[in-house]
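Peer 1: My questions will all concern the structure given below.
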Amino acid sequence: MPGPLEGKVALVAGATRGAGRGIAVELGAAGATVYVTGRSTRAQRSEYDRPETVEDTADLVTAAGGRGIAVPTDHLEPSAVRALVDRIDDEQGRLDVLVNDIWGGEHLFAWDTPVWEHDLDNGLRILRLAVETHAITSHHALPLLLRRPGGLVVEMTDGTAEYNRDTYRVSFFYDLAKSSVLRMAFALGHELGPRGATALALTPGWLRSEIMLDQFGVREDNWRDALERVPHFAISETPRYVGRAVAALTADPEVARWNGQSLSSGGLAPVYGFTDLDGSRPDAWRYLVEVQDVGKPADVSGYR
């Protein structure tokens with residue numbers, strides 16, 4: 001049986017690993033054709049020097065039931081992004097979903113380090129990778145997305161607008177980068193809404209990405225072993241959870257109701273009826289506010 005997104009074309013920019021990979025796979029599972037981009041390829045790794053590649057993501061999309069197409073792309077290079085969009089236009093003649101998930105700053109930010117002590121080059125690189133890439137990609141991709149009514153732009157970030165408004169996030173540069181993406185979605189909502197498309201910001205919760213699992217010395221199949229050291233990690237979620245959020249948004253004929261808003265995987269799960277891979281519905285941002293940030297002991301009862 002065809003999936004609910006059969007015939008839809010998506011671009012997941014920054015799909016090598018983490019949330020981007022989870023989103024690409026779930027869009028594929030719903031039947032979409034998904035172009036996946038990133039800088040880590042089987043031929044050459046990015047500065048992350050990790051084993052995940054954009055080709056692997058494309059294979060996972062196809063295995064899930066969609067059609068995955070890997071296009072290695074540096075989204076800081078406008079000519080490369082223009083060539084990517086031209087290829088999508090030539091091959092598909094349409095673009096229904098743009099997911100801006102480019103990040104690349106994992107090794108560049110320093111926790112609780114004021115701006116005058118933070119490495120300046122690293123800080124400015126964070127802003128280029130997290131903000132400039134999204135702007136370049138939207139600039140080149142949106143004319144194709146707007147060719148048909150009903151297009152969707154998902155700006156991926158860390159934290160809801162409400163949470164980030166009241167909470168200092170990691171450091172000056174990290175805070176600025178993630179808050180800027182929230183504002184991008186708000187601005188794009190004003191520009192796209194009258195033209196028949198929708199833009200929104202979306203955040204996962206505490207993500208069990210490949211990098212996070214490695215940091216805690218666990219795998220997806222034994223991630224709970226990390227709870228003795230980091231008890232609040234019990235609220236964490238797989239990348240596929242936020243992927244299911246994007247798939248549900250894409251399939252929603254009334255997705256325009258979310259235009260310009262800030263959303264989360266945990267907040268959308270009860271609205272659309274999806275779960276994480278284990279059947280739970282972790283609501284990380286509510287948990288952070290009501291449990292972790294106020295110093296209560298870890299207890300996810302009622303939160304997943």
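Residues are named by chain letter and number: chains run A, B, ... in the order of the structure tokens, numbers start at 1 in each chain, and ligands are numbered from 1 in the order shown.
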Can you pull out every residue within 10 Å of region 288-304 of chain A, counting only C-alpha atoms, but drop anything in the same chain fewer than 6 positions away, and send it as a ChimeraX atom specification?
Peer 2: /A:163,167,205-206,227,230-237,266,275-276,279-282
Peer 1: With N, CA and C atoms retained, could you export that selection as a short mmCIF file (atom, residue, chain, number, x, y, z; two decimals), in the first residue's frame?
Peer 2:
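Result file is result-v9.cif:
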data_model
loop_
_atom_site.label_atom_id
_atom_site.label_comp_id
_atom_site.auth_asym_id
_atom_site.auth_seq_id
_atom_site.Cartn_x
_atom_site.Cartn_y
_atom_site.Cartn_z
N TYR A 163 10.90 27.92 26.30
CA TYR A 163 12.00 27.48 27.16
C TYR A 163 13.23 28.34 26.94
N THR A 167 15.61 30.63 29.57
CA THR A 167 16.71 29.77 30.00
C THR A 167 17.98 30.08 29.21
N GLY A 205 13.49 16.44 22.03
CA GLY A 205 13.85 16.56 23.43
C GLY A 205 15.31 16.17 23.61
N TRP A 206 15.60 15.48 24.69
CA TRP A 206 16.97 15.01 24.94
C TRP A 206 17.22 13.86 23.98
N LEU A 227 21.77 5.59 33.01
CA LEU A 227 20.93 6.29 33.98
C LEU A 227 21.55 6.35 35.36
N VAL A 230 23.66 9.42 34.82
CA VAL A 230 22.88 10.60 34.41
C VAL A 230 21.40 10.24 34.52
N PRO A 231 20.82 10.31 35.71
CA PRO A 231 19.45 9.81 35.91
C PRO A 231 18.40 10.49 35.02
N HIS A 232 18.55 11.79 34.76
CA HIS A 232 17.53 12.49 33.97
C HIS A 232 17.54 12.06 32.50
N PHE A 233 18.55 11.33 32.10
CA PHE A 233 18.60 10.79 30.73
C PHE A 233 17.43 9.85 30.47
N ALA A 234 16.72 9.49 31.51
CA ALA A 234 15.54 8.62 31.37
C ALA A 234 14.47 9.24 30.50
N ILE A 235 14.48 10.56 30.34
CA ILE A 235 13.46 11.23 29.52
C ILE A 235 13.86 11.26 28.05
N SER A 236 15.02 10.75 27.70
CA SER A 236 15.55 10.89 26.34
C SER A 236 14.70 10.15 25.31
N GLU A 237 14.95 10.49 24.05
CA GLU A 237 14.17 9.94 22.94
C GLU A 237 15.07 9.62 21.76
N GLY A 266 7.67 16.04 21.71
CA GLY A 266 6.81 15.60 22.80
C GLY A 266 5.46 16.30 22.83
N THR A 275 4.18 7.69 18.53
CA THR A 275 5.00 7.37 19.69
C THR A 275 6.45 7.23 19.26
N ASP A 276 7.33 7.13 20.24
CA ASP A 276 8.71 6.78 19.95
C ASP A 276 8.76 5.29 19.64
N GLY A 279 7.19 2.81 21.95
CA GLY A 279 5.77 2.98 22.27
C GLY A 279 5.47 4.07 23.28
N SER A 280 6.50 4.73 23.80
CA SER A 280 6.30 5.79 24.78
C SER A 280 6.18 7.15 24.09
N ARG A 281 5.79 8.16 24.88
CA ARG A 281 5.68 9.53 24.37
C ARG A 281 6.42 10.48 25.31
N PRO A 282 7.75 10.48 25.27
CA PRO A 282 8.49 11.38 26.17
C PRO A 282 8.21 12.85 25.88
#
Peer 1: Counting only C-alpha atoms, which residue out of A:Arg39, A:His107, A:Lys8, A:His134 sits closest to Val154 (chain A)?
Peer 2: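 Looking at the shortest contact to Val154 (chain A), the residue is A:His134.
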Peer 1: Of the candidates A:Arg195, A:His75, A:Arg286, A:Arg257, which one gets nearest to Leu145 (chain A) if we count only C-alpha atoms?
Peer 2: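 Among A:Arg195, A:His75, A:Arg286, A:Arg257, it is A:Arg195 that comes nearest to Leu145 (chain A).
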Peer 1: Would you mind telling me which residue in A:Asn122, A:Ser138, A:Thr37, A:Ser171 lies nearest to Met184 (chain A) when using only C-alpha atoms?
Peer 2: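 Answer, going by the shortest atom-to-atom distance: A:Ser138.
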Peer 1: Using only C-alpha atoms, find the one residue out of A:Leu268, A:Ala284, A:Leu76, A:Ile69 that sits nearest to Thr137 (chain A).
Peer 2: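 When distances to Thr137 (chain A) are compared using only C-alpha atoms, the smallest one comes from A:Leu76.
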Peer 1: Give the answer as one residue: which of A:Ala177, A:Leu213, A:Leu207, A:Ala201 has the shortest atom-to-atom distance to Thr160 (chain A), using only C-alpha atoms?
Peer 2: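 Answer, going by the shortest atom-to-atom distance: A:Ala201.
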Peer 1: Hey, what's within 12 Å of Gln215 (chain A) if we count only C-alpha atoms and toss same-chain stuff fewer than 3 positions away? As a list in words, please?
Peer 2: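 Listing them by chain and then by number gives Glu106, Arg208, Ser209, Glu210, Ile211, Met212, Val218, Arg219, Trp223, Ala226, Arg229 and Val230 of chain A.
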Peer 1: Write the selection just made, keeping all heavy atoms, as a compact mmCIF listing (two decimals), in the first residue's frame?
Peer 2:
# COMPACT_ATOMS: atom_id res chain seq x y z
N GLU A 106 28.94 20.73 17.07
CA GLU A 106 29.05 19.91 18.27
C GLU A 106 30.39 20.07 19.00
O GLU A 106 30.45 20.04 20.22
CB GLU A 106 28.85 18.44 17.91
CG GLU A 106 28.26 17.61 19.03
CD GLU A 106 26.82 17.99 19.36
OE1 GLU A 106 25.99 18.07 18.45
OE2 GLU A 106 26.56 18.21 20.55
N ARG A 208 18.78 10.91 21.81
CA ARG A 208 19.77 9.83 21.83
C ARG A 208 20.40 9.71 20.44
O ARG A 208 20.23 8.74 19.72
CB ARG A 208 19.13 8.51 22.26
CG ARG A 208 18.68 8.51 23.70
CD ARG A 208 18.53 7.11 24.29
NE ARG A 208 17.59 6.27 23.59
CZ ARG A 208 16.28 6.27 23.82
NH1 ARG A 208 15.74 7.10 24.71
NH2 ARG A 208 15.48 5.46 23.15
N SER A 209 21.13 10.75 20.09
CA SER A 209 21.87 10.74 18.83
C SER A 209 23.08 9.83 18.95
O SER A 209 23.46 9.38 20.04
CB SER A 209 22.33 12.16 18.50
OG SER A 209 23.28 12.60 19.47
N GLU A 210 23.71 9.57 17.82
CA GLU A 210 24.91 8.74 17.82
C GLU A 210 25.99 9.35 18.71
O GLU A 210 26.68 8.64 19.46
CB GLU A 210 25.43 8.56 16.39
CG GLU A 210 24.46 7.89 15.44
CD GLU A 210 23.51 8.86 14.74
OE1 GLU A 210 23.43 10.04 15.17
OE2 GLU A 210 22.84 8.44 13.78
N ILE A 211 26.14 10.67 18.63
CA ILE A 211 27.17 11.34 19.42
C ILE A 211 26.84 11.28 20.90
O ILE A 211 27.72 11.04 21.75
CB ILE A 211 27.33 12.80 18.95
CG1 ILE A 211 27.94 12.84 17.54
CG2 ILE A 211 28.20 13.60 19.92
CD1 ILE A 211 28.01 14.22 16.93
N MET A 212 25.58 11.47 21.26
CA MET A 212 25.19 11.42 22.67
C MET A 212 25.38 10.03 23.25
O MET A 212 25.89 9.87 24.37
CB MET A 212 23.73 11.86 22.83
CG MET A 212 23.23 11.90 24.26
SD MET A 212 24.14 13.08 25.31
CE MET A 212 23.62 14.64 24.58
N VAL A 218 27.20 4.17 25.74
CA VAL A 218 26.14 3.18 25.59
C VAL A 218 25.72 3.10 24.13
O VAL A 218 26.16 3.87 23.29
CB VAL A 218 24.92 3.53 26.47
CG1 VAL A 218 25.26 3.43 27.94
CG2 VAL A 218 24.38 4.93 26.13
N ARG A 219 24.85 2.13 23.85
CA ARG A 219 24.26 1.96 22.53
C ARG A 219 22.75 2.13 22.66
O ARG A 219 22.22 2.17 23.77
CB ARG A 219 24.57 0.58 21.94
CG ARG A 219 26.04 0.23 21.87
CD ARG A 219 26.21 -1.20 21.37
NE ARG A 219 25.45 -2.16 22.15
CZ ARG A 219 25.85 -2.71 23.29
NH1 ARG A 219 27.03 -2.37 23.81
NH2 ARG A 219 25.09 -3.57 23.94
N TRP A 223 20.81 1.80 26.32
CA TRP A 223 20.96 3.20 26.72
C TRP A 223 20.62 3.43 28.18
O TRP A 223 21.16 4.35 28.81
CB TRP A 223 20.13 4.11 25.82
CG TRP A 223 18.64 3.98 25.96
CD1 TRP A 223 17.82 3.14 25.26
CD2 TRP A 223 17.78 4.73 26.83
NE1 TRP A 223 16.51 3.31 25.64
CE2 TRP A 223 16.46 4.28 26.60
CE3 TRP A 223 18.00 5.72 27.77
CZ2 TRP A 223 15.36 4.80 27.28
CZ3 TRP A 223 16.91 6.25 28.46
CH2 TRP A 223 15.60 5.78 28.22
N ALA A 226 23.11 4.12 31.13
CA ALA A 226 23.65 5.44 31.46
C ALA A 226 22.91 6.13 32.59
O ALA A 226 23.36 7.16 33.10
CB ALA A 226 23.65 6.33 30.21
N ARG A 229 24.56 7.04 36.01
CA ARG A 229 25.44 8.21 36.01
C ARG A 229 24.67 9.49 35.72
O ARG A 229 24.97 10.55 36.26
CB ARG A 229 26.55 8.01 34.97
CG ARG A 229 27.56 9.15 34.91
CD ARG A 229 28.84 8.68 34.24
NE ARG A 229 28.64 8.18 32.91
CZ ARG A 229 28.83 8.93 31.80
NH1 ARG A 229 29.24 10.17 31.93
NH2 ARG A 229 28.64 8.40 30.61
N VAL A 230 23.66 9.42 34.82
CA VAL A 230 22.88 10.60 34.41
C VAL A 230 21.40 10.24 34.52
O VAL A 230 20.75 9.92 33.52
CB VAL A 230 23.24 11.01 32.96
CG1 VAL A 230 22.64 12.38 32.64
CG2 VAL A 230 24.73 11.01 32.74
Peer 1: Could you please write out, as a list of chain:residue names, every residue of region 48-266 of chain A that DSSP assigns to strand (DSSP E)?
Peer 2: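 Matching residues, listed in order: A:Arg67, A:Gly68, A:Ile69, A:Ala70, A:Val97, A:Leu98, A:Val99, A:Asn100, A:Leu152, A:Val153, A:Val154, A:Glu155, A:Met156, A:Thr198, A:Ala199, A:Leu200, A:Ala201, A:Leu202, A:Thr203, A:Ser262, A:Leu263, A:Ser264.
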Peer 1: Check region 51-264 of chain A with DSSP on the backbone and list each residue it calls helix (DSSP H, G or I), as a VMD selection string.
Peer 2: chain A and resid 54 to 64 78 to 92 120 to 145 161 to 166 172 to 195 210 to 216 220 to 228 231 to 235 239 to 251 255 to 258
Peer 1: Record the distance separating CA of Leu108 (chain A) and CA of Arg45 (chain A), expressed in Å with one decimal.
Peer 2: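 The value is 16.9 Å.
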Peer 1: A:Arg17, A:Arg165, A:His139, A:His118: which is nearest Thr53 (chain A), counting only C-alpha atoms?
Peer 2: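 With only C-alpha atoms as the atom set, the closest residue is A:Arg17.
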Peer 1: For Met156 (chain A), find every residue with an atom within 8 Å (counting only C-alpha atoms), except residues of its own chain fewer than 2 positions away, and show them as a ChimeraX atom specification.
Peer 2: /A:99-101,154,158,181,201-203
Peer 1: Counting only C-alpha atoms, what is within 9 Å of Thr41 (chain A), bar same-chain residues fewer than 6 positions away, as a list in words?
Peer 2: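 Here the answer would be Thr16, Pro51, Glu52, Thr53, Val54, Glu55, Asp56 and Pro72 of chain A.
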Peer 1: Can you pull out every residue within 9 Å of Asp119 (chain A), counting only C-alpha atoms, but drop anything in the same chain fewer than 3 positions away, and send it as a ChimeraX atom specification?
Peer 2: /A:108-110,115-116,122-124
Peer 1: Using N, CA and C atoms, can you export the residues from the last selection as a PDB file, in the first residue's frame?
Peer 2:
ATOM      1  N   LEU A 108      32.403  22.733  18.787  1.00  0.00           N
ATOM      2  CA  LEU A 108      32.846  24.124  18.744  1.00  0.00           C
ATOM      3  C   LEU A 108      32.428  24.948  19.952  1.00  0.00           C
ATOM      4  N   PHE A 109      31.407  24.526  20.683  1.00  0.00           N
ATOM      5  CA  PHE A 109      30.940  25.355  21.788  1.00  0.00           C
ATOM      6  C   PHE A 109      31.522  24.872  23.114  1.00  0.00           C
ATOM      7  N   ALA A 110      31.656  25.823  24.045  1.00  0.00           N
ATOM      8  CA  ALA A 110      32.167  25.530  25.380  1.00  0.00           C
ATOM      9  C   ALA A 110      31.076  25.841  26.400  1.00  0.00           C
ATOM     10  N   VAL A 115      31.249  35.087  26.670  1.00  0.00           N
ATOM     11  CA  VAL A 115      31.661  35.401  25.307  1.00  0.00           C
ATOM     12  C   VAL A 115      33.108  35.876  25.237  1.00  0.00           C
ATOM     13  N   TRP A 116      33.588  36.576  26.262  1.00  0.00           N
ATOM     14  CA  TRP A 116      34.955  37.098  26.208  1.00  0.00           C
ATOM     15  C   TRP A 116      36.011  36.022  26.470  1.00  0.00           C
ATOM     16  N   ASN A 122      35.770  29.783  16.915  1.00  0.00           N
ATOM     17  CA  ASN A 122      34.790  28.704  17.062  1.00  0.00           C
ATOM     18  C   ASN A 122      33.378  29.254  17.214  1.00  0.00           C
ATOM     19  N   GLY A 123      33.249  30.322  17.982  1.00  0.00           N
ATOM     20  CA  GLY A 123      31.928  30.906  18.171  1.00  0.00           C
ATOM     21  C   GLY A 123      31.332  31.431  16.881  1.00  0.00           C
ATOM     22  N   LEU A 124      32.138  32.132  16.110  1.00  0.00           N
ATOM     23  CA  LEU A 124      31.649  32.664  14.840  1.00  0.00           C
ATOM     24  C   LEU A 124      31.354  31.544  13.849  1.00  0.00           C
TER      25      LEU A 124
END
Peer 1: Rounded to one decimal in Å, what is the spacing between CA of Pro114 (chain A) and CA of Ala130 (chain A)?
Peer 2: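 Going from CA of Pro114 (chain A) over to CA of Ala130 (chain A), I get 19.1 Å.
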Peer 1: Tell me, as a ChimeraX atom specification, which residues lie within 10 Å of region 245-249 of chain A, counting only C-alpha atoms; anything in the same chain fewer than 6 positions away does not count.
Peer 2: /A:4-5,22-32,97,99,152-154,202-204,255-256,258,263-269,271-276
Peer 1: What gap, in Å, lies between CA of Arg94 (chain A) and CA of Leu144 (chain A)?
Peer 2: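 Atom-to-atom, CA of Arg94 (chain A) and CA of Leu144 (chain A) are spaced 6.2 Å apart.
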